[in-house]
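Trainee: This is the content of model04.pdb (PDB, C-alpha atoms):
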```pdb
ATOM      1  CA  MET A 901      76.843 -19.372  -5.099
ATOM      2  CA  ARG A 902      73.366 -18.000  -4.425
ATOM      3  CA  GLY A 903      71.871 -20.440  -6.936
ATOM      4  CA  MET A 904      73.636 -23.362  -5.238
ATOM      5  CA  ASN A 905      72.234 -22.305  -1.873
ATOM      6  CA  SER A 906      68.750 -22.095  -3.386
ATOM      7  CA  ASP A 907      69.104 -25.578  -4.867
ATOM      8  CA  LYS A 908      70.195 -26.969  -1.513
ATOM      9  CA  GLU A 909      67.260 -25.309   0.223
ATOM     10  CA  ILE A 910      64.810 -26.685  -2.359
ATOM     11  CA  VAL A 911      66.173 -30.216  -1.949
ATOM     12  CA  ALA A 912      65.839 -29.919   1.824
ATOM     13  CA  LEU A 913      62.293 -28.564   1.546
ATOM     14  CA  LEU A 914      61.191 -31.291  -0.862
ATOM     15  CA  GLN A 915      62.407 -33.939   1.583
ATOM     16  CA  LEU A 916      59.986 -32.521   4.176
ATOM     17  CA  ILE A 917      56.865 -32.539   1.999
ATOM     18  CA  ASP A 918      55.436 -35.648   3.669
ATOM     19  CA  ASP A 919      56.335 -34.548   7.213
ATOM     20  CA  PRO A 920      53.427 -35.608   9.460
ATOM     21  CA  ASP A 921      53.688 -32.402  11.507
ATOM     22  CA  GLN A 922      51.224 -29.967   9.913
ATOM     23  CA  GLU A 923      53.074 -26.909  11.191
ATOM     24  CA  VAL A 924      56.293 -28.106   9.602
ATOM     25  CA  TYR A 925      54.461 -28.707   6.322
ATOM     26  CA  GLU A 926      52.881 -25.241   6.410
ATOM     27  CA  THR A 927      56.326 -23.666   6.738
ATOM     28  CA  VAL A 928      57.728 -25.866   3.968
ATOM     29  CA  SER A 929      54.818 -25.149   1.615
ATOM     30  CA  GLN A 930      55.081 -21.365   2.058
ATOM     31  CA  LYS A 931      58.799 -21.430   1.262
ATOM     32  CA  LEU A 932      58.230 -23.620  -1.811
ATOM     33  CA  LEU A 933      55.428 -21.347  -3.033
ATOM     34  CA  SER A 934      57.763 -18.356  -2.742
ATOM     35  CA  TYR A 935      59.758 -19.772  -5.690
ATOM     36  CA  GLY A 936      56.749 -19.307  -7.987
ATOM     37  CA  THR A 937      56.201 -21.423 -11.094
ATOM     38  CA  ALA A 938      59.945 -22.223 -11.281
ATOM     39  CA  ILE A 939      59.386 -24.867  -8.597
ATOM     40  CA  VAL A 940      56.740 -26.771 -10.603
ATOM     41  CA  PRO A 941      59.121 -29.043 -12.625
ATOM     42  CA  LYS A 942      60.826 -30.168  -9.409
ATOM     43  CA  LEU A 943      57.457 -30.855  -7.775
ATOM     44  CA  GLU A 944      56.298 -32.830 -10.803
ATOM     45  CA  ALA A 945      59.511 -34.873 -10.807
ATOM     46  CA  LEU A 946      59.091 -35.655  -7.110
ATOM     47  CA  TRP A 947      55.465 -36.709  -7.662
ATOM     48  CA  GLU A 948      56.619 -39.211 -10.298
ATOM     49  CA  VAL A 949      58.974 -41.025  -7.927
ATOM     50  CA  SER A 950      57.021 -40.679  -4.688
ATOM     51  CA  ASP A 951      55.191 -43.682  -3.265
ATOM     52  CA  SER A 952      53.560 -41.651  -0.495
ATOM     53  CA  THR A 953      49.882 -40.826  -0.996
ATOM     54  CA  LEU A 954      50.229 -37.915   1.417
ATOM     55  CA  ALA A 955      53.222 -36.515  -0.457
ATOM     56  CA  GLN A 956      51.512 -36.843  -3.837
ATOM     57  CA  SER A 957      48.383 -35.120  -2.537
ATOM     58  CA  ARG A 958      50.424 -32.259  -1.097
ATOM     59  CA  ILE A 959      52.474 -31.933  -4.298
ATOM     60  CA  GLU A 960      49.299 -31.688  -6.379
ATOM     61  CA  SER A 961      47.994 -28.995  -4.035
ATOM     62  CA  LEU A 962      51.278 -27.067  -4.204
ATOM     63  CA  ILE A 963      51.341 -27.169  -8.012
ATOM     64  CA  HIS A 964      47.774 -25.876  -8.115
ATOM     65  CA  GLN A 965      48.523 -23.104  -5.595
ATOM     66  CA  THR A 966      51.622 -22.076  -7.548
ATOM     67  CA  PHE A 967      49.693 -21.665 -10.790
ATOM     68  CA  TYR A 968      46.803 -19.990  -8.950
ATOM     69  CA  GLN A 969      49.126 -17.387  -7.430
ATOM     70  CA  GLN A 970      50.550 -16.681 -10.876
ATOM     71  CA  LEU A 971      47.024 -16.337 -12.273
ATOM     72  CA  GLN A 972      46.116 -13.854  -9.519
ATOM     73  CA  SER A 973      49.203 -11.783 -10.271
ATOM     74  CA  GLU A 974      48.503 -11.701 -14.019
ATOM     75  CA  LEU A 975      44.838 -10.816 -13.540
ATOM     76  CA  LEU A 976      45.715  -8.000 -11.133
ATOM     77  CA  GLN A 977      48.180  -6.654 -13.692
ATOM     78  CA  TRP A 978      45.520  -6.923 -16.436
ATOM     79  CA  GLY A 979      43.128  -4.828 -14.381
ATOM     80  CA  LYS A 980      45.639  -1.970 -14.170
ATOM     81  CA  ALA A 981      45.369  -1.232 -17.900
ATOM     82  CA  SER A 982      43.212   1.717 -18.937
ATOM     83  CA  ASN A 983      41.280  -0.283 -21.550
ATOM     84  CA  PRO A 984      42.120  -3.966 -21.019
ATOM     85  CA  SER A 985      41.135  -6.624 -23.546
ATOM     86  CA  ALA A 986      38.464  -9.109 -22.427
ATOM     87  CA  LEU A 987      40.177 -11.812 -24.485
ATOM     88  CA  ASP A 988      43.466 -11.293 -22.643
ATOM     89  CA  ALA A 989      41.696 -11.747 -19.295
ATOM     90  CA  ALA A 990      39.795 -14.784 -20.569
ATOM     91  CA  LEU A 991      43.099 -16.394 -21.582
ATOM     92  CA  ILE A 992      44.537 -15.708 -18.125
ATOM     93  CA  ILE A 993      41.468 -17.246 -16.461
ATOM     94  CA  ALA A 994      41.679 -20.274 -18.761
ATOM     95  CA  LYS A 995      44.960 -21.165 -17.061
ATOM     96  CA  TYR A 996      42.970 -21.988 -13.929
ATOM     97  CA  ARG A 997      41.780 -25.181 -15.621
ATOM     98  CA  PHE A 998      44.551 -25.458 -18.251
ATOM     99  CA  PRO A 999      47.692 -24.072 -16.549
ATOM    100  CA  GLU A1000      50.046 -25.133 -19.344
ATOM    101  CA  MET A1001      47.804 -23.912 -22.162
ATOM    102  CA  ASP A1002      49.545 -22.835 -25.370
ATOM    103  CA  ARG A1003      48.444 -19.190 -25.484
ATOM    104  CA  GLU A1004      50.114 -18.467 -28.816
ATOM    105  CA  ALA A1005      48.351 -21.386 -30.504
ATOM    106  CA  ILE A1006      44.974 -20.068 -29.303
ATOM    107  CA  LEU A1007      45.783 -16.553 -30.496
ATOM    108  CA  HIS A1008      46.841 -17.977 -33.866
ATOM    109  CA  GLN A1009      43.432 -19.649 -34.261
ATOM    110  CA  PHE A1010      41.726 -16.429 -33.220
ATOM    111  CA  GLU A1011      43.755 -14.494 -35.790
ATOM    112  CA  LEU A1012      42.500 -16.902 -38.481
ATOM    113  CA  MET A1013      38.938 -16.044 -37.425
ATOM    114  CA  ARG A1014      39.689 -12.320 -37.500
ATOM    115  CA  ARG A1015      41.369 -12.522 -40.896
ATOM    116  CA  ASN A1016      38.489 -14.476 -42.427
ATOM    117  CA  VAL A1017      35.978 -11.884 -41.196
ATOM    118  CA  TRP A1018      38.198  -8.981 -42.284
ATOM    119  CA  LEU A1019      38.454 -10.348 -45.828
ATOM    120  CA  GLU A1020      34.654 -10.352 -46.143
ATOM    121  CA  LEU A1021      33.853  -6.997 -44.554
ATOM    122  CA  ASN A1022      33.706  -3.684 -46.413
ATOM    123  CA  SER A1023      32.393  -0.192 -45.704
ATOM    124  CA  PHE A1024      29.353  -0.602 -47.982
ATOM    125  CA  LEU A1025      27.701  -3.334 -45.946
ATOM    126  CA  THR A1026      24.661  -2.663 -43.779
ATOM    127  CA  PRO A1027      24.856  -3.520 -40.056
ATOM    128  CA  LEU A1028      22.839  -6.699 -40.613
ATOM    129  CA  GLU A1029      25.068  -7.722 -43.509
ATOM    130  CA  GLN A1030      28.146  -7.216 -41.315
ATOM    131  CA  ILE A1031      26.704  -9.429 -38.586
ATOM    132  CA  ASN A1032      25.649 -12.081 -41.103
ATOM    133  CA  ILE A1033      29.268 -12.265 -42.291
ATOM    134  CA  ILE A1034      30.611 -12.575 -38.744
ATOM    135  CA  ASN A1035      28.001 -15.223 -37.911
ATOM    136  CA  GLY A1036      28.792 -17.114 -41.103
ATOM    137  CA  ILE A1037      32.512 -17.247 -40.336
ATOM    138  CA  LEU A1038      32.093 -18.204 -36.664
ATOM    139  CA  PHE A1039      29.169 -20.620 -36.840
ATOM    140  CA  ASN A1040      29.355 -22.048 -40.356
ATOM    141  CA  PHE A1041      33.037 -21.905 -41.340
ATOM    142  CA  PHE A1042      34.617 -22.453 -37.903
ATOM    143  CA  ARG A1043      31.537 -24.351 -36.671
ATOM    144  CA  LEU A1044      31.374 -22.876 -33.195
ATOM    145  CA  LYS A1045      28.542 -24.396 -31.198
ATOM    146  CA  GLY A1046      26.982 -22.524 -28.299
ATOM    147  CA  HIS A1047      25.566 -24.184 -25.199
ATOM    148  CA  GLU A1048      23.260 -22.707 -22.554
ATOM    149  CA  LEU A1049      24.891 -20.739 -19.728
ATOM    150  CA  THR A1050      23.033 -23.011 -17.326
ATOM    151  CA  GLU A1051      24.782 -26.131 -18.647
ATOM    152  CA  HIS A1052      26.942 -27.433 -15.809
ATOM    153  CA  ASN A1053      30.207 -27.826 -17.695
ATOM    154  CA  PRO A1054      33.051 -25.531 -16.546
ATOM    155  CA  ASN A1055      35.055 -26.173 -19.733
ATOM    156  CA  LEU A1056      32.486 -24.212 -21.746
ATOM    157  CA  PHE A1057      33.593 -21.023 -19.955
ATOM    158  CA  PHE A1058      37.278 -21.360 -20.869
ATOM    159  CA  VAL A1059      38.040 -19.582 -24.128
ATOM    160  CA  ASN A1060      40.936 -21.872 -25.107
ATOM    161  CA  HIS A1061      38.621 -24.886 -24.858
ATOM    162  CA  THR A1062      36.066 -23.039 -27.006
ATOM    163  CA  VAL A1063      38.645 -22.299 -29.709
ATOM    164  CA  GLU A1064      40.078 -25.819 -29.699
ATOM    165  CA  SER A1065      36.877 -27.866 -29.364
ATOM    166  CA  ARG A1066      34.515 -25.361 -31.063
ATOM    167  CA  GLN A1067      32.234 -25.766 -28.014
ATOM    168  CA  GLY A1068      31.390 -22.802 -25.785
ATOM    169  CA  ASN A1069      28.603 -20.718 -24.318
ATOM    170  CA  ALA A1070      27.388 -17.135 -24.635
ATOM    171  CA  LEU A1071      30.249 -15.837 -22.491
ATOM    172  CA  SER A1072      33.212 -17.661 -24.037
ATOM    173  CA  ILE A1073      31.972 -17.233 -27.615
ATOM    174  CA  GLY A1074      30.764 -13.734 -26.746
ATOM    175  CA  ILE A1075      34.253 -12.666 -25.678
ATOM    176  CA  LEU A1076      35.627 -13.901 -29.008
ATOM    177  CA  TYR A1077      32.794 -12.069 -30.814
ATOM    178  CA  LEU A1078      33.372  -8.827 -28.899
ATOM    179  CA  THR A1079      37.120  -8.897 -29.474
ATOM    180  CA  LEU A1080      36.706  -9.535 -33.201
ATOM    181  CA  CYS A1081      34.322  -6.608 -33.503
ATOM    182  CA  GLU A1082      36.556  -4.321 -31.467
ATOM    183  CA  MET A1083      39.536  -5.113 -33.700
ATOM    184  CA  LEU A1084      37.460  -4.568 -36.855
ATOM    185  CA  ASP A1085      35.686  -1.379 -35.684
ATOM    186  CA  VAL A1086      32.242  -3.002 -35.692
ATOM    187  CA  PRO A1087      30.201  -1.229 -32.960
ATOM    188  CA  ILE A1088      29.239  -4.265 -30.888
ATOM    189  CA  TYR A1089      29.036  -4.087 -27.085
ATOM    190  CA  ALA A1090      27.769  -6.424 -24.377
ATOM    191  CA  ILE A1091      24.537  -5.451 -22.614
ATOM    192  CA  ASP A1092      23.637  -6.062 -18.956
ATOM    193  CA  LEU A1093      20.490  -8.101 -19.626
ATOM    194  CA  PRO A1094      19.491  -9.994 -16.441
ATOM    195  CA  ASP A1095      20.553 -13.668 -16.380
ATOM    196  CA  GLN A1096      21.747 -13.502 -19.996
ATOM    197  CA  PHE A1097      24.828 -12.444 -21.894
ATOM    198  CA  ILE A1098      23.779 -10.638 -25.036
ATOM    199  CA  LEU A1099      25.445  -8.288 -27.510
ATOM    200  CA  ALA A1100      24.084  -5.138 -29.099
ATOM    201  CA  TYR A1101      24.879  -3.347 -32.358
ATOM    202  CA  PHE A1102      25.167   0.398 -31.645
ATOM    203  CA  ASP A1103      24.869   3.186 -34.185
ATOM    204  CA  HIS A1104      28.646   3.705 -34.137
ATOM    205  CA  VAL A1105      31.807   2.921 -32.181
ATOM    206  CA  TYR A1106      32.020   4.554 -28.751
ATOM    207  CA  SER A1107      34.595   4.757 -26.015
ATOM    208  CA  PHE A1108      33.120   4.057 -22.591
ATOM    209  CA  GLU A1109      34.265   7.502 -21.436
ATOM    210  CA  ASP A1110      32.137   9.135 -24.145
ATOM    211  CA  MET A1111      29.096   6.887 -23.923
ATOM    212  CA  ASP A1112      26.130   8.412 -22.098
ATOM    213  CA  GLU A1113      24.886   5.447 -20.065
ATOM    214  CA  GLN A1114      21.423   6.932 -19.511
ATOM    215  CA  ASN A1115      20.692   6.992 -23.238
ATOM    216  CA  ALA A1116      22.860   4.080 -24.346
ATOM    217  CA  ILE A1117      19.971   1.743 -25.130
ATOM    218  CA  GLN A1118      18.477   4.289 -27.550
ATOM    219  CA  ARG A1119      21.547   3.899 -29.758
ATOM    220  CA  VAL A1120      21.119   0.153 -30.210
ATOM    221  CA  GLN A1121      19.958  -1.007 -33.648
ATOM    222  CA  PHE A1122      19.479  -4.679 -32.747
ATOM    223  CA  PHE A1123      20.680  -7.396 -30.375
ATOM    224  CA  ILE A1124      22.669 -10.598 -30.961
ATOM    225  CA  ASP A1125      22.848 -13.864 -29.039
ATOM    226  CA  PRO A1126      26.581 -14.699 -29.215
ATOM    227  CA  ALA A1127      25.919 -18.385 -28.562
ATOM    228  CA  ASN A1128      24.339 -18.845 -32.007
ATOM    229  CA  GLY A1129      24.281 -15.465 -33.799
ATOM    230  CA  MET A1130      20.494 -15.110 -33.550
ATOM    231  CA  ILE A1131      19.307 -11.517 -33.943
ATOM    232  CA  PHE A1132      16.636  -9.882 -31.769
ATOM    233  CA  ASN A1133      14.856  -6.547 -31.968
ATOM    234  CA  ARG A1134      13.784  -4.220 -29.165
ATOM    235  CA  ASN A1135      10.409  -5.863 -28.750
ATOM    236  CA  ASP A1136      12.060  -9.260 -28.238
ATOM    237  CA  ILE A1137      14.190  -7.881 -25.415
ATOM    238  CA  MET A1138      11.283  -5.991 -23.866
ATOM    239  CA  MET A1139       9.167  -9.156 -23.908
ATOM    240  CA  TYR A1140      12.009 -11.052 -22.232
ATOM    241  CA  LEU A1141      12.184  -8.441 -19.478
ATOM    242  CA  LYS A1142       8.401  -8.457 -19.096
ATOM    243  CA  LYS A1143       8.405 -12.244 -18.765
ATOM    244  CA  ASN A1144      10.955 -11.887 -15.954
ATOM    245  CA  GLY A1145       9.012  -9.134 -14.193
ATOM    246  CA  GLN A1146      11.496  -6.404 -15.151
ATOM    247  CA  TYR A1147       9.706  -4.657 -18.009
ATOM    248  CA  ASP A1148      10.673  -1.198 -16.697
ATOM    249  CA  ARG A1149      14.371  -2.053 -16.881
ATOM    250  CA  PHE A1150      14.669  -1.695 -20.651
ATOM    251  CA  ALA A1151      15.500   2.018 -20.531
ATOM    252  CA  GLU A1152      18.172   1.294 -17.903
ATOM    253  CA  LEU A1153      20.096  -1.278 -19.958
ATOM    254  CA  THR A1154      23.688  -0.183 -20.472
ATOM    255  CA  ALA A1155      26.802  -1.372 -22.277
ATOM    256  CA  LEU A1156      29.380  -3.354 -20.318
ATOM    257  CA  ASP A1157      33.098  -2.639 -20.394
ATOM    258  CA  SER A1158      35.662  -5.465 -20.431
ATOM    259  CA  ARG A1159      35.987  -5.560 -16.646
ATOM    260  CA  SER A1160      32.234  -6.070 -16.241
ATOM    261  CA  VAL A1161      32.256  -8.793 -18.900
ATOM    262  CA  ILE A1162      35.027 -10.675 -17.065
ATOM    263  CA  VAL A1163      33.195 -10.301 -13.747
ATOM    264  CA  LEU A1164      30.168 -11.984 -15.364
ATOM    265  CA  LEU A1165      32.403 -14.776 -16.679
ATOM    266  CA  LEU A1166      33.807 -15.401 -13.207
ATOM    267  CA  GLU A1167      30.407 -15.228 -11.492
ATOM    268  CA  HIS A1168      28.838 -17.766 -13.847
ATOM    269  CA  LEU A1169      31.904 -20.027 -13.694
ATOM    270  CA  ALA A1170      31.858 -19.970  -9.884
ATOM    271  CA  THR A1171      28.139 -20.853  -9.901
ATOM    272  CA  THR A1172      28.842 -23.762 -12.240
ATOM    273  CA  TYR A1173      31.576 -25.138  -9.987
ATOM    274  CA  ASP A1174      29.172 -24.827  -7.048
ATOM    275  CA  ASN A1175      26.457 -26.670  -8.955
ATOM    276  CA  ILE A1176      28.720 -29.620  -9.777
ATOM    277  CA  GLY A1177      29.840 -30.018  -6.177
ATOM    278  CA  GLU A1178      33.253 -28.324  -6.287
ATOM    279  CA  PRO A1179      32.793 -25.472  -3.773
ATOM    280  CA  ASP A1180      36.547 -24.977  -3.221
ATOM    281  CA  LYS A1181      36.984 -24.098  -6.882
ATOM    282  CA  ALA A1182      33.927 -21.842  -6.737
ATOM    283  CA  ILE A1183      35.493 -19.933  -3.833
ATOM    284  CA  GLU A1184      38.815 -19.562  -5.667
ATOM    285  CA  ILE A1185      37.095 -18.238  -8.798
ATOM    286  CA  GLU A1186      34.961 -15.801  -6.782
ATOM    287  CA  SER A1187      38.065 -14.512  -5.019
ATOM    288  CA  LEU A1188      39.451 -13.369  -8.390
ATOM    289  CA  ILE A1189      36.627 -10.855  -8.890
ATOM    290  CA  PRO A1190      37.960  -8.137  -6.534
ATOM    291  CA  LEU A1191      41.305  -8.223  -8.350
ATOM    292  CA  ILE A1192      39.756  -6.786 -11.515
ATOM    293  CA  GLN A1193      37.301  -4.432  -9.862
ATOM    294  CA  ILE A1194      40.073  -2.366  -8.299
ATOM    295  CA  ARG A1195      40.559   0.561 -10.674
ATOM    296  CA  GLN A1196      43.956   2.140 -10.537
ATOM    297  CA  PRO A1197      44.224   5.950 -10.245
ATOM    298  CA  GLU A1198      44.993   7.781 -13.465
TER     299      GLU A1198
END
```
Let's see the structure in the file written out as structure tokens.
Mentor:
Amino acid sequence: MRGMNSDKEIVALLQLIDDPDQEVYETVSQKLLSYGTAIVPKLEALWEVSDSTLAQSRIESLIHQTFYQQLQSELLQWGKASNPSALDAALIIAKYRFPEMDREAILHQFELMRRNVWLELNSFLTPLEQINIINGILFNFFRLKGHELTEHNPNLFFVNHTVESRQGNALSIGILYLTLCEMLDVPIYAIDLPDQFILAYFDHVYSFEDMDEQNAIQRVQFFIDPANGMIFNRNDIMMYLKKNGQYDRFAELTALDSRSVIVLLLEHLATTYDNIGEPDKAIEIESLIPLIQIRQPE
């Protein structure tokens, strides 16, 4: 009986979508949004048969808001974990642009990458040999191609697009790289280099609780650009900082946990949307950042 009442209410609400009274529409939209993603098929069906431009525009907005609310809920839940996976968050964020993304298909492709790397790795390899294997699998076998972070293409930030098209940037490819290394016990961590996203090979695997941030940089053996696998030494990084007027910052460089990595992803994505003239999307992306910065009490 309850389901029948809900169906009747939904039908009545859908009939009011193109009501010219804005207050009526606001009430209708809030009630429709309360049904969550279950309302999307009905909205899509109505869009198909509607000949009202106003109705179609409102339906499109409602579908977007429905998926956005779901994304917010999932990202908030992700942030409650004690050691959340950056890849999991990146897949949640990807639904902003690709709401009906096939998550399992993306994870299957990622598992193929992991398995190919795992088959080549062994405990006798030097750190550089390990990274050469990872780079070979990602950039030669799977043919990932990295673009500059400054390239104004939002798709490059979405990890599903990177896996499917083999096109990404330092952040999207870097999240894949970091997750691979975490799963395979290769001591790779992201570093907070200004205006860049770069990885570092540490002397062994650490938990962030055990890592002494003040001396973290002293444990780095070399650095890696995740966009292309290029390797840098300390002098390269120090010269970069010097060029940017921040030479003294080298000793302060620290490793980033998954929350900080995802914050960087969102910040750069929001900037990109701003740069291509889509400020509303930039605002929505920025508003996701507080959701993952709220640490839950132990």
Trainee: List as a PDB file with C-alpha atoms, in the frame of the given file the protein and nucleic acid residues near A:Val911, meaning an atom at most 12 Å away when all atoms listed in the file are counted, but skip any in the same chain fewer than 2 places from it.
Mentor:
```
ATOM      1  CA  MET A 904      73.636 -23.362  -5.238  1.00  0.00           C
ATOM      2  CA  ASN A 905      72.234 -22.305  -1.873  1.00  0.00           C
ATOM      3  CA  SER A 906      68.750 -22.095  -3.386  1.00  0.00           C
ATOM      4  CA  ASP A 907      69.104 -25.578  -4.867  1.00  0.00           C
ATOM      5  CA  LYS A 908      70.195 -26.969  -1.513  1.00  0.00           C
ATOM      6  CA  GLU A 909      67.260 -25.309   0.223  1.00  0.00           C
ATOM      7  CA  LEU A 913      62.293 -28.564   1.546  1.00  0.00           C
ATOM      8  CA  LEU A 914      61.191 -31.291  -0.862  1.00  0.00           C
ATOM      9  CA  GLN A 915      62.407 -33.939   1.583  1.00  0.00           C
ATOM     10  CA  LEU A 916      59.986 -32.521   4.176  1.00  0.00           C
ATOM     11  CA  ILE A 917      56.865 -32.539   1.999  1.00  0.00           C
ATOM     12  CA  VAL A 928      57.728 -25.866   3.968  1.00  0.00           C
ATOM     13  CA  LYS A 931      58.799 -21.430   1.262  1.00  0.00           C
ATOM     14  CA  LEU A 932      58.230 -23.620  -1.811  1.00  0.00           C
ATOM     15  CA  ILE A 939      59.386 -24.867  -8.597  1.00  0.00           C
ATOM     16  CA  LYS A 942      60.826 -30.168  -9.409  1.00  0.00           C
ATOM     17  CA  LEU A 943      57.457 -30.855  -7.775  1.00  0.00           C
ATOM     18  CA  LEU A 946      59.091 -35.655  -7.110  1.00  0.00           C
TER      19      LEU A 946
END
```
Trainee: Using only C-alpha atoms, which of A:Ile963, A:Leu1141, A:Ala1155, A:Met1130 sits nearest A:Asn1032?
Mentor: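 When distances to A:Asn1032 are compared using only C-alpha atoms, the smallest one comes from A:Met1130.
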Trainee: Nearest to A:Phe1102 among A:Ile1033, A:Leu1028, A:Met1013, A:Val940, with distances taken over all atoms listed in the file: which residue is it?
Mentor: A:Leu1028
Trainee: With all atoms listed in the file counted, which protein, DNA or RNA residues have an atom no more than 10 Å from (25.6, -9.3, -38.1) in the file frame? Please answer as number ranges by chain.
Mentor: A: 1026-1036, 1086, 1088, 1101, 1122-1124, 1129-1131
Trainee: For the PyMOL selection byres ((chain A and resi 1061) around 12), applied here, can you spell out every residue it catches as a PyMOL selection string?
Mentor: chain A and resi 990-991+993-995+997-998+1001-1003+1005-1006+1009+1044-1045+1053-1060+1062-1069+1072-1073
Trainee: Written as a PDB file with C-alpha atoms, keeping the file's coordinate frame, which residues does the PyMOL selection byres ((chain A and resi 969) around 12) give for the file shown?
Mentor:
```pdb
ATOM      1  CA  GLN A 930      55.081 -21.365   2.058  1.00  0.00           C
ATOM      2  CA  LEU A 933      55.428 -21.347  -3.033  1.00  0.00           C
ATOM      3  CA  SER A 934      57.763 -18.356  -2.742  1.00  0.00           C
ATOM      4  CA  TYR A 935      59.758 -19.772  -5.690  1.00  0.00           C
ATOM      5  CA  GLY A 936      56.749 -19.307  -7.987  1.00  0.00           C
ATOM      6  CA  THR A 937      56.201 -21.423 -11.094  1.00  0.00           C
ATOM      7  CA  LEU A 962      51.278 -27.067  -4.204  1.00  0.00           C
ATOM      8  CA  ILE A 963      51.341 -27.169  -8.012  1.00  0.00           C
ATOM      9  CA  HIS A 964      47.774 -25.876  -8.115  1.00  0.00           C
ATOM     10  CA  GLN A 965      48.523 -23.104  -5.595  1.00  0.00           C
ATOM     11  CA  THR A 966      51.622 -22.076  -7.548  1.00  0.00           C
ATOM     12  CA  PHE A 967      49.693 -21.665 -10.790  1.00  0.00           C
ATOM     13  CA  TYR A 968      46.803 -19.990  -8.950  1.00  0.00           C
ATOM     14  CA  GLN A 970      50.550 -16.681 -10.876  1.00  0.00           C
ATOM     15  CA  LEU A 971      47.024 -16.337 -12.273  1.00  0.00           C
ATOM     16  CA  GLN A 972      46.116 -13.854  -9.519  1.00  0.00           C
ATOM     17  CA  SER A 973      49.203 -11.783 -10.271  1.00  0.00           C
ATOM     18  CA  GLU A 974      48.503 -11.701 -14.019  1.00  0.00           C
ATOM     19  CA  LEU A 975      44.838 -10.816 -13.540  1.00  0.00           C
ATOM     20  CA  LEU A 976      45.715  -8.000 -11.133  1.00  0.00           C
ATOM     21  CA  ILE A 992      44.537 -15.708 -18.125  1.00  0.00           C
ATOM     22  CA  ILE A 993      41.468 -17.246 -16.461  1.00  0.00           C
ATOM     23  CA  LYS A 995      44.960 -21.165 -17.061  1.00  0.00           C
ATOM     24  CA  TYR A 996      42.970 -21.988 -13.929  1.00  0.00           C
ATOM     25  CA  PRO A 999      47.692 -24.072 -16.549  1.00  0.00           C
ATOM     26  CA  GLU A1184      38.815 -19.562  -5.667  1.00  0.00           C
ATOM     27  CA  SER A1187      38.065 -14.512  -5.019  1.00  0.00           C
ATOM     28  CA  LEU A1188      39.451 -13.369  -8.390  1.00  0.00           C
TER      29      LEU A1188
END
```
Trainee: Nearest to A:Ala1116: which of A:Phe1024, A:Phe1010, A:Tyr1089, A:Tyr1147 is it, counting only C-alpha atoms?
Mentor: A:Tyr1089
Trainee: Could you name the residues that touch A:Ile1098 at 6 Å or less, counting all atoms listed in the file, but leaving out those on the same chain fewer than 6 positions away, as a ChimeraX atom specification?
Mentor: /A:1090-1091,1125
Trainee: Taking the file as I've supplied it (selection: the PyMOL selection byres ((chain A and resi 1173) around 12)), which residues are included? Please answer as a PDB file with C-alpha atoms, in the coordinates of the input.
Mentor:
```pdb
ATOM      1  CA  ARG A 997      41.780 -25.181 -15.621  1.00  0.00           C
ATOM      2  CA  THR A1050      23.033 -23.011 -17.326  1.00  0.00           C
ATOM      3  CA  GLU A1051      24.782 -26.131 -18.647  1.00  0.00           C
ATOM      4  CA  HIS A1052      26.942 -27.433 -15.809  1.00  0.00           C
ATOM      5  CA  ASN A1053      30.207 -27.826 -17.695  1.00  0.00           C
ATOM      6  CA  PRO A1054      33.051 -25.531 -16.546  1.00  0.00           C
ATOM      7  CA  ASN A1055      35.055 -26.173 -19.733  1.00  0.00           C
ATOM      8  CA  LEU A1056      32.486 -24.212 -21.746  1.00  0.00           C
ATOM      9  CA  PHE A1057      33.593 -21.023 -19.955  1.00  0.00           C
ATOM     10  CA  LEU A1166      33.807 -15.401 -13.207  1.00  0.00           C
ATOM     11  CA  GLU A1167      30.407 -15.228 -11.492  1.00  0.00           C
ATOM     12  CA  HIS A1168      28.838 -17.766 -13.847  1.00  0.00           C
ATOM     13  CA  LEU A1169      31.904 -20.027 -13.694  1.00  0.00           C
ATOM     14  CA  ALA A1170      31.858 -19.970  -9.884  1.00  0.00           C
ATOM     15  CA  THR A1171      28.139 -20.853  -9.901  1.00  0.00           C
ATOM     16  CA  THR A1172      28.842 -23.762 -12.240  1.00  0.00           C
ATOM     17  CA  ASP A1174      29.172 -24.827  -7.048  1.00  0.00           C
ATOM     18  CA  ASN A1175      26.457 -26.670  -8.955  1.00  0.00           C
ATOM     19  CA  ILE A1176      28.720 -29.620  -9.777  1.00  0.00           C
ATOM     20  CA  GLY A1177      29.840 -30.018  -6.177  1.00  0.00           C
ATOM     21  CA  GLU A1178      33.253 -28.324  -6.287  1.00  0.00           C
ATOM     22  CA  PRO A1179      32.793 -25.472  -3.773  1.00  0.00           C
ATOM     23  CA  ASP A1180      36.547 -24.977  -3.221  1.00  0.00           C
ATOM     24  CA  LYS A1181      36.984 -24.098  -6.882  1.00  0.00           C
ATOM     25  CA  ALA A1182      33.927 -21.842  -6.737  1.00  0.00           C
ATOM     26  CA  ILE A1183      35.493 -19.933  -3.833  1.00  0.00           C
ATOM     27  CA  GLU A1184      38.815 -19.562  -5.667  1.00  0.00           C
ATOM     28  CA  ILE A1185      37.095 -18.238  -8.798  1.00  0.00           C
ATOM     29  CA  GLU A1186      34.961 -15.801  -6.782  1.00  0.00           C
TER      30      GLU A1186
END
```
Trainee: Give me, please, the distance in Å between atom CA of A:Trp947 and atom CA of A:Glu960, quoted to one decimal.
Mentor: 8.1 Å
Trainee: Would you please work out which residue, of A:Ile1189, A:Ile1162, A:Met1139, A:Leu1156, is nearest to A:Ser1107 when using only C-alpha atoms?
Mentor: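 Of all the options, A:Leu1156 lies closest to A:Ser1107.
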Trainee: Would you work out the distance separating atom CA of A:Val924 from atom CA of A:Val949, expressed in Å to one decimal?
Mentor: 21.9 Å
